[in-house]
Every structure is written in structure tokens, then in C-alpha cells.
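This is target-v5.pdb. It holds PDB, C-alpha atoms and all ligand atoms.
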ATOM      1  CA  MET S   1      21.103 -14.187 111.245
ATOM      2  CA  SER S   2      20.541 -17.718 110.051
ATOM      3  CA  LYS S   3      17.366 -18.271 108.082
ATOM      4  CA  SER S   4      15.028 -21.187 107.544
ATOM      5  CA  VAL S   5      14.586 -22.010 103.875
ATOM      6  CA  LEU S   6      12.013 -24.408 102.437
ATOM      7  CA  VAL S   7      12.095 -25.902  98.943
ATOM      8  CA  VAL S   8       8.855 -27.403  97.660
ATOM      9  CA  ALA S   9       9.527 -29.821  94.797
ATOM     10  CA  ALA S  10       7.312 -32.303  93.026
ATOM     11  CA  HIS S  11       9.997 -34.899  92.294
ATOM     12  CA  ALA S  12      13.430 -35.690  93.671
ATOM     13  CA  ASP S  13      15.849 -33.998  91.207
ATOM     14  CA  ASP S  14      13.670 -30.909  90.623
ATOM     15  CA  GLU S  15      15.287 -29.221  93.628
ATOM     16  CA  THR S  16      18.808 -29.822  92.346
ATOM     17  CA  LEU S  17      17.986 -28.839  88.773
ATOM     18  CA  GLY S  18      16.051 -25.785  89.918
ATOM     19  CA  CYS S  19      18.069 -24.411  92.819
ATOM     20  CA  GLY S  20      20.746 -26.926  93.866
ATOM     21  CA  ALA S  21      23.553 -24.384  93.912
ATOM     22  CA  THR S  22      21.413 -21.799  95.704
ATOM     23  CA  ILE S  23      20.583 -24.428  98.354
ATOM     24  CA  ARG S  24      24.319 -25.026  98.860
ATOM     25  CA  LYS S  25      24.911 -21.284  99.038
ATOM     26  CA  HIS S  26      22.271 -20.926 101.768
ATOM     27  CA  VAL S  27      23.816 -23.826 103.696
ATOM     28  CA  ASN S  28      27.315 -22.347 103.326
ATOM     29  CA  SER S  29      26.085 -19.114 104.865
ATOM     30  CA  GLY S  30      24.568 -20.936 107.863
ATOM     31  CA  ASP S  31      20.937 -21.156 106.761
ATOM     32  CA  ARG S  32      18.852 -24.283 107.437
ATOM     33  CA  VAL S  33      17.305 -25.831 104.334
ATOM     34  CA  SER S  34      14.371 -28.259 104.344
ATOM     35  CA  ILE S  35      12.769 -29.844 101.302
ATOM     36  CA  ILE S  36       9.318 -31.223 100.570
ATOM     37  CA  PHE S  37       9.148 -33.925  97.888
ATOM     38  CA  MET S  38       5.560 -34.478  96.849
ATOM     39  CA  THR S  39       5.889 -37.762  94.940
ATOM     40  CA  ASP S  40       8.337 -40.627  94.765
ATOM     41  CA  GLY S  41       9.037 -39.531  91.198
ATOM     42  CA  VAL S  42       8.877 -42.929  89.591
ATOM     43  CA  GLY S  43       5.362 -44.171  90.256
ATOM     44  CA  SER S  44       3.812 -43.391  86.899
ATOM     45  CA  ARG S  45       6.581 -45.104  85.001
ATOM     46  CA  LEU S  46       7.590 -47.974  87.244
ATOM     47  CA  SER S  47       5.907 -49.397  90.266
ATOM     48  CA  ASP S  48       8.852 -51.629  91.006
ATOM     49  CA  VAL S  49       9.898 -51.181  94.611
ATOM     50  CA  ASP S  50      13.574 -51.427  93.616
ATOM     51  CA  PHE S  51      13.289 -48.394  91.418
ATOM     52  CA  ILE S  52      11.569 -46.388  94.133
ATOM     53  CA  SER S  53      14.263 -47.240  96.665
ATOM     54  CA  LYS S  54      16.920 -46.453  94.065
ATOM     55  CA  ARG S  55      15.415 -42.990  93.580
ATOM     56  CA  SER S  56      15.281 -42.533  97.373
ATOM     57  CA  ARG S  57      18.947 -43.441  97.650
ATOM     58  CA  ALA S  58      19.816 -40.976  94.890
ATOM     59  CA  ARG S  59      17.785 -38.312  96.721
ATOM     60  CA  ASP S  60      19.599 -38.979 100.002
ATOM     61  CA  ILE S  61      23.025 -38.751  98.357
ATOM     62  CA  ALA S  62      22.077 -35.489  96.659
ATOM     63  CA  MET S  63      20.665 -34.053  99.906
ATOM     64  CA  LYS S  64      23.825 -34.914 101.796
ATOM     65  CA  GLY S  65      25.932 -33.280  99.101
ATOM     66  CA  LEU S  66      23.889 -30.101  99.240
ATOM     67  CA  GLY S  67      23.829 -30.032 103.053
ATOM     68  CA  VAL S  68      20.041 -30.171 103.385
ATOM     69  CA  GLU S  69      18.940 -30.440 107.023
ATOM     70  CA  SER S  70      15.604 -32.211 106.688
ATOM     71  CA  ILE S  71      13.413 -33.724 104.024
ATOM     72  CA  PHE S  72       9.675 -34.375 104.023
ATOM     73  CA  GLN S  73       8.803 -37.125 101.544
ATOM     74  CA  PHE S  74       5.166 -37.576 100.523
ATOM     75  CA  ASN S  75       3.660 -40.129  98.202
ATOM     76  CA  PHE S  76       1.187 -38.259  96.102
ATOM     77  CA  PRO S  77       0.675 -39.958  92.724
ATOM     78  CA  ASP S  78       3.475 -39.192  90.295
ATOM     79  CA  ASN S  79       2.413 -37.191  87.238
ATOM     80  CA  ALA S  80      -1.150 -37.365  88.556
ATOM     81  CA  MET S  81      -1.208 -34.905  91.443
ATOM     82  CA  ASP S  82      -4.227 -33.357  89.737
ATOM     83  CA  SER S  83      -6.165 -36.463  90.856
ATOM     84  CA  VAL S  84      -5.768 -35.362  94.494
ATOM     85  CA  PRO S  85      -7.873 -32.556  96.005
ATOM     86  CA  LEU S  86      -5.662 -29.465  96.172
ATOM     87  CA  LEU S  87      -6.564 -28.919  99.828
ATOM     88  CA  GLU S  88      -4.877 -32.207 100.784
ATOM     89  CA  ILE S  89      -1.661 -30.990  99.224
ATOM     90  CA  VAL S  90      -2.021 -27.535 100.757
ATOM     91  CA  LYS S  91      -2.420 -29.211 104.158
ATOM     92  CA  VAL S  92       0.942 -30.996 103.993
ATOM     93  CA  VAL S  93       2.667 -27.778 102.921
ATOM     94  CA  GLU S  94       1.027 -25.943 105.834
ATOM     95  CA  ASP S  95       2.097 -28.664 108.271
ATOM     96  CA  VAL S  96       5.726 -28.472 107.147
ATOM     97  CA  ILE S  97       5.630 -24.660 107.291
ATOM     98  CA  ASP S  98       4.418 -24.951 110.895
ATOM     99  CA  LYS S  99       7.348 -27.254 111.683
ATOM    100  CA  VAL S 100      10.244 -25.418 110.028
ATOM    101  CA  ARG S 101       8.868 -21.834 110.019
ATOM    102  CA  PRO S 102      10.621 -20.795 106.786
ATOM    103  CA  GLN S 103      11.209 -17.176 105.851
ATOM    104  CA  ILE S 104      12.033 -18.136 102.253
ATOM    105  CA  ILE S 105      10.373 -20.648  99.922
ATOM    106  CA  TYR S 106      11.578 -21.842  96.536
ATOM    107  CA  THR S 107       9.147 -23.768  94.382
ATOM    108  CA  HIS S 108       8.157 -24.523  90.812
ATOM    109  CA  PHE S 109       7.383 -21.953  88.133
ATOM    110  CA  HIS S 110       3.603 -21.730  87.688
ATOM    111  CA  GLY S 111       3.850 -22.233  83.916
ATOM    112  CA  ASP S 112       5.800 -25.527  83.832
ATOM    113  CA  VAL S 113       4.415 -28.141  81.444
ATOM    114  CA  ASN S 114       4.491 -30.790  84.185
ATOM    115  CA  VAL S 115       1.163 -30.925  85.998
ATOM    116  CA  ASP S 116       2.751 -31.884  89.346
ATOM    117  CA  HIS S 117       4.933 -28.774  89.134
ATOM    118  CA  GLN S 118       1.899 -26.553  88.537
ATOM    119  CA  ILE S 119       0.113 -28.086  91.515
ATOM    120  CA  CYS S 120       3.107 -27.604  93.800
ATOM    121  CA  PHE S 121       3.028 -23.930  92.874
ATOM    122  CA  ASP S 122      -0.714 -23.680  93.549
ATOM    123  CA  ALA S 123      -0.335 -25.456  96.887
ATOM    124  CA  VAL S 124       2.505 -23.174  97.990
ATOM    125  CA  MET S 125       0.624 -20.006  97.077
ATOM    126  CA  THR S 126      -2.445 -21.201  98.974
ATOM    127  CA  ALA S 127      -0.461 -22.375 101.999
ATOM    128  CA  THR S 128       1.398 -19.060 102.238
ATOM    129  CA  ARG S 129      -1.536 -16.668 102.007
ATOM    130  CA  PRO S 130      -0.253 -13.330 103.294
ATOM    131  CA  VAL S 131      -2.335 -13.304 106.450
ATOM    132  CA  PRO S 132      -1.130 -11.627 109.678
ATOM    133  CA  ASN S 133       1.843 -13.463 111.261
ATOM    134  CA  GLN S 134       2.703 -15.314 108.065
ATOM    135  CA  CYS S 135       6.320 -16.427 108.570
ATOM    136  CA  VAL S 136       7.059 -16.781 104.847
ATOM    137  CA  LYS S 137       8.377 -13.467 103.571
ATOM    138  CA  GLU S 138       9.873 -14.431 100.213
ATOM    139  CA  ILE S 139       8.631 -16.848  97.527
ATOM    140  CA  TYR S 140      10.607 -17.624  94.388
ATOM    141  CA  GLY S 141      10.006 -19.857  91.374
ATOM    142  CA  PHE S 142      12.841 -21.879  89.850
ATOM    143  CA  GLU S 143      13.304 -23.310  86.382
ATOM    144  CA  VAL S 144      13.539 -27.053  85.725
ATOM    145  CA  LEU S 145      14.994 -28.101  82.403
ATOM    146  CA  SER S 146      12.652 -30.138  80.195
ATOM    147  CA  SER S 147       9.625 -28.585  81.864
ATOM    148  CA  THR S 148       9.982 -24.829  82.263
ATOM    149  CA  GLU S 149      11.472 -24.087  78.836
ATOM    150  CA  TRP S 150       9.074 -26.498  77.108
ATOM    151  CA  GLN S 151       6.077 -24.334  77.929
ATOM    152  CA  ILE S 152       4.748 -23.066  74.616
ATOM    153  CA  LYS S 153       1.847 -20.859  75.642
ATOM    154  CA  PRO S 154       2.884 -17.452  74.295
ATOM    155  CA  ASP S 155       1.632 -15.560  77.344
ATOM    156  CA  VAL S 156       3.432 -17.806  79.853
ATOM    157  CA  ALA S 157       7.172 -17.322  79.969
ATOM    158  CA  PHE S 158       9.796 -17.751  82.664
ATOM    159  CA  ALA S 159      11.132 -14.212  82.901
ATOM    160  CA  PRO S 160      13.421 -14.158  85.955
ATOM    161  CA  GLN S 161      14.196 -11.009  87.901
ATOM    162  CA  ILE S 162      16.428 -12.548  90.586
ATOM    163  CA  TYR S 163      19.862 -14.002  89.863
ATOM    164  CA  VAL S 164      21.943 -15.784  92.485
ATOM    165  CA  ASP S 165      25.687 -15.827  91.849
ATOM    166  CA  VAL S 166      26.556 -19.488  92.391
ATOM    167  CA  SER S 167      30.016 -19.463  90.793
ATOM    168  CA  ASP S 168      31.489 -20.878  94.020
ATOM    169  CA  CYS S 169      29.007 -23.731  94.414
ATOM    170  CA  PHE S 170      27.926 -24.655  90.898
ATOM    171  CA  GLU S 171      30.132 -27.723  91.091
ATOM    172  CA  ASP S 172      28.144 -28.895  94.154
ATOM    173  CA  LYS S 173      25.008 -28.776  92.017
ATOM    174  CA  ILE S 174      26.634 -30.916  89.337
ATOM    175  CA  LEU S 175      27.859 -33.407  91.962
ATOM    176  CA  ALA S 176      24.376 -33.661  93.496
ATOM    177  CA  LEU S 177      22.870 -34.084  90.048
ATOM    178  CA  LYS S 178      25.213 -36.992  89.401
ATOM    179  CA  ALA S 179      23.295 -38.890  92.088
ATOM    180  CA  TYR S 180      20.274 -38.558  89.803
ATOM    181  CA  HIS S 181      22.109 -39.762  86.695
ATOM    182  CA  ASP S 182      19.233 -42.140  85.860
ATOM    183  CA  GLU S 183      17.005 -39.112  85.343
ATOM    184  CA  MET S 184      19.509 -37.356  83.105
ATOM    185  CA  ARG S 185      19.712 -37.773  79.340
ATOM    186  CA  ASP S 186      22.481 -37.502  76.790
ATOM    187  CA  SER S 187      23.208 -34.188  75.105
ATOM    188  CA  PRO S 188      21.551 -32.649  73.105
ATOM    189  CA  HIS S 189      18.536 -33.546  75.291
ATOM    190  CA  SER S 190      17.353 -30.523  77.275
ATOM    191  CA  ARG S 191      17.819 -32.389  80.575
ATOM    192  CA  SER S 192      21.480 -33.274  80.031
ATOM    193  CA  PHE S 193      24.521 -32.362  82.101
ATOM    194  CA  GLU S 194      25.745 -30.355  79.139
ATOM    195  CA  HIS S 195      22.593 -28.224  79.118
ATOM    196  CA  VAL S 196      22.572 -27.753  82.902
ATOM    197  CA  LYS S 197      26.066 -26.262  82.570
ATOM    198  CA  ILE S 198      25.049 -24.174  79.558
ATOM    199  CA  LEU S 199      22.037 -22.786  81.438
ATOM    200  CA  GLY S 200      24.113 -22.048  84.557
ATOM    201  CA  LYS S 201      26.645 -20.210  82.400
ATOM    202  CA  HIS S 202      23.927 -18.420  80.439
ATOM    203  CA  ARG S 203      22.183 -17.192  83.581
ATOM    204  CA  GLY S 204      25.562 -16.160  84.977
ATOM    205  CA  HIS S 205      26.657 -14.335  81.870
ATOM    206  CA  ILE S 206      23.425 -12.330  81.797
ATOM    207  CA  VAL S 207      24.564 -10.708  85.036
ATOM    208  CA  GLY S 208      28.326 -10.801  84.527
ATOM    209  CA  VAL S 209      29.296 -13.740  86.724
ATOM    210  CA  LYS S 210      30.490 -17.247  85.864
ATOM    211  CA  PHE S 211      27.438 -19.209  86.994
ATOM    212  CA  ALA S 212      24.024 -18.182  88.277
ATOM    213  CA  GLU S 213      20.627 -19.637  89.038
ATOM    214  CA  ALA S 214      17.657 -17.491  88.085
ATOM    215  CA  PHE S 215      14.304 -17.091  89.823
ATOM    216  CA  LEU S 216      10.951 -15.521  89.318
ATOM    217  CA  THR S 217       9.724 -13.520  92.293
ATOM    218  CA  TYR S 218       6.231 -14.312  93.485
ATOM    219  CA  ARG S 219       6.265 -12.307  96.689
ATOM    220  CA  ILE S 220       8.687 -10.388  98.859
ATOM    221  CA  LEU S 221       7.574  -8.777 102.076
ATOM    222  CA  LYS S 222      10.241  -6.405 103.331
ATOM    223  CA  SER S 223      10.107  -5.450 106.965
TER
HETATM  224 ZN    ZN S 301       9.573 -32.695  88.323
END

Written as C-alpha cells, how would this file's structure read?
Amino acid sequence: MSKSVLVVAAHADDETLGCGATIRKHVNSGDRVSIIFMTDGVGSRLSDVDFISKRSRARDIAMKGLGVESIFQFNFPDNAMDSVPLLEIVKVVEDVIDKVRPQIIYTHFHGDVNVDHQICFDAVMTATRPVPNQCVKEIYGFEVLSSTEWQIKPDVAFAPQIYVDVSDCFEDKILALKAYHDEMRDSPHSRSFEHVKILGKHRGHIVGVKFAEAFLTYRILKS
């Protein structure tokens, strides 16, 4: 049976870096994928309208490539989501959940160094409280290069337990990421195409497949 999947990302490109190939895999198997983008992703660096529309165009190209059905773009302040009351952010997540009724949510790892990522996680966990009739049955955290692996607190580590074999659709992730080339850096930067491929291979090789994306499980409710 086809499922509704929701990705909650702080910035356009986080979704592709974190779970782009898994999104494509869901779409290929007939699932409907929606994405929340919390910020325009450029505000703290550049207020120039041209740059914002450029990032939106990149987002739309990437979404088309991954087969995403609907996107919900919000304009919370980039790299300053901690200046907004958490309840406001929770509210928009709840509203989208009411609209698309997802069974599965992918969002940021709680320990990312980026404050917007941490707040997305907090908002998702609050919006999906396991009350009676909660439609969300599975919540997973993804890793975003140059945020997740840069966490240095010794008691906070991304230790995934779920691996998705994306050998057949890893190339779709790379193609979508090409739309965001302005956000990518040259190797040996952590957020380089080279490293995205290395990480995909590394996660794959851990479980004996060519390419994988790895996730932390926050909640699974089996029926
Ligand atoms: Zn981000």
C-alpha cells in the first residue's frame, strides 16, 4: 500500500544530502513524498532577492528530479530559528501533518551543530507526540555532511541503526544535488560531491551493498 512520507528539513539541500536517494526510492515504490523547508536557506548570508530566487529554483529542480509531490516552504529566519518561539514552528509542522497525514517522517539528527537543524528535530518530536490516533508511526533522523559529523560533544554521536539500500537510486541523489551546486564545496571539504559519494559508499559497504543512506531511529510504532 502506498504511504505518505514527510521530510522536515531546515534548508533546501538538507533533504537531498540527508535522504535524497531514500526519497527517490519511496517515490519509485509508489509512495507520496512531501517536504517542509523551514527557511529560505540564504537569509543570514545574503538578503539579495536574486539569491533567494536562485535557491528556490535549485530546490524546484531537485524536487522534480527526486519526484517529490508537494513542498511547504516557510520563511523562518535562516541560522536563527532559535529566535522564534518553538511553538510557532511546531504549529506549522502540525498543520502540514494534518494535510498530508504521513506515516513516516525523516528529519534532522538531534545532535547536528546547526541550530536550525536542532530546532527542526525538536519541532518534529513535539508535533508527533504519540497520542491516540497519531498518524506518524515512524520517525528517522538523517545525517547532513558538514553538520552531523562536525558535532564534537563526546556523548552525542550519530550512530545509525537503519540502512536503506539505495544502490539503484544513488545517482538520482547526485543529480538532485547538482541543482544545489552553489551550496557544495570543492574536495576535500566535507560538503563536496566527492565526500557525498564516499559517505554513500561507506554506509553501503557497512551493510554489504554498493550505496546506502543511514538513519537513526527515533520512534517506530508497529501495528
Ligand atoms: Zn541545513

Counting all atoms listed in the file, note down every residue that has an atom within 10 Å of the point (17.9, -41.9, 86.2) (file coordinates), as number ranges by chain. S: 13, 42, 51, 54-55, 58, 178-185

Thr128 in chain S: which residues within 9 Å, counting all atoms listed in the file, same-chain residues fewer than 3 positions away excluded, as a ChimeraX atom specification? /S:93-94,97,123-125,131,134-136,139

Distance table requested - range 16-88 of chain S against range 191-210 of chain S, cut-off 12 Å, only C-alpha atoms: one row per qualifying residue with the closest atom pair and its distance in Å to one decimal, ordered by chain and rising residue number, as JSON lines.
{"residue": "S:Thr16", "atom": "CA", "partner": "S:Val196", "partner_atom": "CA", "distance": 10.4}
{"residue": "S:Leu17", "atom": "CA", "partner": "S:Val196", "partner_atom": "CA", "distance": 7.5}
{"residue": "S:Gly18", "atom": "CA", "partner": "S:Val196", "partner_atom": "CA", "distance": 9.8}
{"residue": "S:Cys19", "atom": "CA", "partner": "S:Gly200", "partner_atom": "CA", "distance": 10.5}
{"residue": "S:Gly20", "atom": "CA", "partner": "S:Gly200", "partner_atom": "CA", "distance": 11.0}
{"residue": "S:Ala21", "atom": "CA", "partner": "S:Gly200", "partner_atom": "CA", "distance": 9.7}
{"residue": "S:Thr22", "atom": "CA", "partner": "S:Gly200", "partner_atom": "CA", "distance": 11.5}

List all protein, DNA and RNA residues that have any atom at most 10 Å from ligand ZN 301 (chain S), counting only C-alpha atoms and all ligand atoms, and write the list as a PyMOL selection string. chain S and resi 9-15+17-18+37-39+41+78-79+108+112-118+120+144-148

Please dump the current selection as a short mmCIF file (atom, residue, chain, number, x, y, z; two decimals), keeping the file's coordinate frame; keep C-alpha atoms.
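Wrote it out as result28.cif, contents follow:
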data_model
loop_
_atom_site.label_atom_id
_atom_site.label_comp_id
_atom_site.auth_asym_id
_atom_site.auth_seq_id
_atom_site.Cartn_x
_atom_site.Cartn_y
_atom_site.Cartn_z
CA ALA S 9 9.53 -29.82 94.80
CA ALA S 10 7.31 -32.30 93.03
CA HIS S 11 10.00 -34.90 92.29
CA ALA S 12 13.43 -35.69 93.67
CA ASP S 13 15.85 -34.00 91.21
CA ASP S 14 13.67 -30.91 90.62
CA GLU S 15 15.29 -29.22 93.63
CA LEU S 17 17.99 -28.84 88.77
CA GLY S 18 16.05 -25.78 89.92
CA PHE S 37 9.15 -33.92 97.89
CA MET S 38 5.56 -34.48 96.85
CA THR S 39 5.89 -37.76 94.94
CA GLY S 41 9.04 -39.53 91.20
CA ASP S 78 3.48 -39.19 90.30
CA ASN S 79 2.41 -37.19 87.24
CA HIS S 108 8.16 -24.52 90.81
CA ASP S 112 5.80 -25.53 83.83
CA VAL S 113 4.42 -28.14 81.44
CA ASN S 114 4.49 -30.79 84.18
CA VAL S 115 1.16 -30.92 86.00
CA ASP S 116 2.75 -31.88 89.35
CA HIS S 117 4.93 -28.77 89.13
CA GLN S 118 1.90 -26.55 88.54
CA CYS S 120 3.11 -27.60 93.80
CA VAL S 144 13.54 -27.05 85.72
CA LEU S 145 14.99 -28.10 82.40
CA SER S 146 12.65 -30.14 80.19
CA SER S 147 9.62 -28.58 81.86
CA THR S 148 9.98 -24.83 82.26
#

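Taking CA of Asp122 in chain S and CA of Phe142 in chain S as endpoints, the distance between them is 14.2 Å.
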
Select, counting only C-alpha atoms, all protein, DNA and RNA residues no farther than 6 Å from (8.6, -21.4, 99.5) in file coordinates, and express the selection as a ChimeraX atom specification. /S:6-7,104-107,139

Could you save the residues just selected, with C-alpha atoms, as a CSV table (one decimal), keeping the file's coordinate frame?
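Output file part-v6.csv follows:
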chain,number,residue,atom,x,y,z
S,6,LEU,CA,12.0,-24.4,102.4
S,7,VAL,CA,12.1,-25.9,98.9
S,104,ILE,CA,12.0,-18.1,102.3
S,105,ILE,CA,10.4,-20.6,99.9
S,106,TYR,CA,11.6,-21.8,96.5
S,107,THR,CA,9.1,-23.8,94.4
S,139,ILE,CA,8.6,-16.8,97.5

On this structure, which residues satisfy the PyMOL selection byres (((chain S and resi 61-67) around 6) and not hetatm), written as a list of chain:residue names?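 Given this file, the PyMOL selection byres (((chain S and resi 61-67) around 6) and not hetatm) evaluates to S:Arg24, S:Ala58, S:Arg59, S:Asp60, S:Val68, S:Ala176, S:Ala179.
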
Skip Lys25 in chain S itself and residues of its chain fewer than 3 positions away, then list as a ChimeraX atom specification all residues within 12 Å of it, counting all atoms listed in the file. /S:5,19-22,28-33,66-68,164-173,212-213

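Note that CA of Glu69 in chain S and CA of Tyr163 in chain S are 23.8 Å apart.
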
Can you turn the PyMOL selection byres (((chain S and resi 221) around 6) and not hetatm) into a concrete residue list for this file, as an NGL selection string? :S and (137 or 220 or 222)

Selection in question (the file shown): the PyMOL selection byres (((chain S and resi 157) around 12) and not hetatm). Which residues does it include, as a PyMOL selection string? chain S and resi 109-113+143+147-156+158-160+216

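Between CA of Ser53 in chain S and CA of Asp40 in chain S lies a distance of 9.1 Å.
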
Excluding Phe72 in chain S and any residue of its chain fewer than 6 positions from it, enumerate the residues within 8 Å of it, using all atoms listed in the file, and give them as a list in words.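 The contact residues come out as Ser34, Ile35, Ile36, Phe37 and Val96 of chain S.
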
Can you spit out the residues from that selection as a PDB file, keeping the file's coordinate frame, using C-alpha atoms?
ATOM      1  CA  SER S  34      14.371 -28.259 104.344  1.00  0.00           C
ATOM      2  CA  ILE S  35      12.769 -29.844 101.302  1.00  0.00           C
ATOM      3  CA  ILE S  36       9.318 -31.223 100.570  1.00  0.00           C
ATOM      4  CA  PHE S  37       9.148 -33.925  97.888  1.00  0.00           C
ATOM      5  CA  VAL S  96       5.726 -28.472 107.147  1.00  0.00           C
TER       6      VAL S  96
END

Working from the structure I just supplied, which lacks atoms in range 84-97 of chain S, can you model N, CA and C atoms there and output them as an mmCIF file, in the frame of the given file?
data_model
loop_
_atom_site.group_PDB
_atom_site.id
_atom_site.type_symbol
_atom_site.label_atom_id
_atom_site.label_comp_id
_atom_site.auth_asym_id
_atom_site.auth_seq_id
_atom_site.Cartn_x
_atom_site.Cartn_y
_atom_site.Cartn_z
ATOM 1 N N VAL S 84 -5.624 -35.523 93.044
ATOM 2 C CA VAL S 84 -5.768 -35.362 94.494
ATOM 3 C C VAL S 84 -6.388 -33.979 94.754
ATOM 4 N N PRO S 85 -7.342 -33.887 95.691
ATOM 5 C CA PRO S 85 -7.873 -32.556 96.005
ATOM 6 C C PRO S 85 -6.754 -31.608 96.440
ATOM 7 N N LEU S 86 -6.749 -30.418 95.878
ATOM 8 C CA LEU S 86 -5.662 -29.465 96.172
ATOM 9 C C LEU S 86 -5.517 -29.225 97.680
ATOM 10 N N LEU S 87 -6.633 -29.211 98.390
ATOM 11 C CA LEU S 87 -6.564 -28.919 99.828
ATOM 12 C C LEU S 87 -5.727 -29.933 100.604
ATOM 13 N N GLU S 88 -5.722 -31.192 100.124
ATOM 14 C CA GLU S 88 -4.877 -32.207 100.784
ATOM 15 C C GLU S 88 -3.400 -31.849 100.648
ATOM 16 N N ILE S 89 -3.063 -31.348 99.486
ATOM 17 C CA ILE S 89 -1.661 -30.990 99.224
ATOM 18 C C ILE S 89 -1.299 -29.713 99.987
ATOM 19 N N VAL S 90 -2.228 -28.774 100.001
ATOM 20 C CA VAL S 90 -2.021 -27.535 100.757
ATOM 21 C C VAL S 90 -1.767 -27.867 102.230
ATOM 22 N N LYS S 91 -2.521 -28.831 102.737
ATOM 23 C CA LYS S 91 -2.420 -29.211 104.158
ATOM 24 C C LYS S 91 -1.002 -29.675 104.512
ATOM 25 N N VAL S 92 -0.397 -30.504 103.653
ATOM 26 C CA VAL S 92 0.942 -30.996 103.993
ATOM 27 C C VAL S 92 1.957 -29.859 103.923
ATOM 28 N N VAL S 93 1.756 -28.930 102.988
ATOM 29 C CA VAL S 93 2.667 -27.778 102.921
ATOM 30 C C VAL S 93 2.508 -26.935 104.192
ATOM 31 N N GLU S 94 1.271 -26.723 104.601
ATOM 32 C CA GLU S 94 1.027 -25.943 105.834
ATOM 33 C C GLU S 94 1.655 -26.620 107.053
ATOM 34 N N ASP S 95 1.532 -27.936 107.122
ATOM 35 C CA ASP S 95 2.097 -28.664 108.271
ATOM 36 C C ASP S 95 3.620 -28.505 108.333
ATOM 37 N N VAL S 96 4.264 -28.615 107.165
ATOM 38 C CA VAL S 96 5.726 -28.472 107.147
ATOM 39 C C VAL S 96 6.110 -27.027 107.479
ATOM 40 N N ILE S 97 5.355 -26.071 106.967
ATOM 41 C CA ILE S 97 5.630 -24.660 107.291
ATOM 42 C C ILE S 97 5.536 -24.453 108.807
#
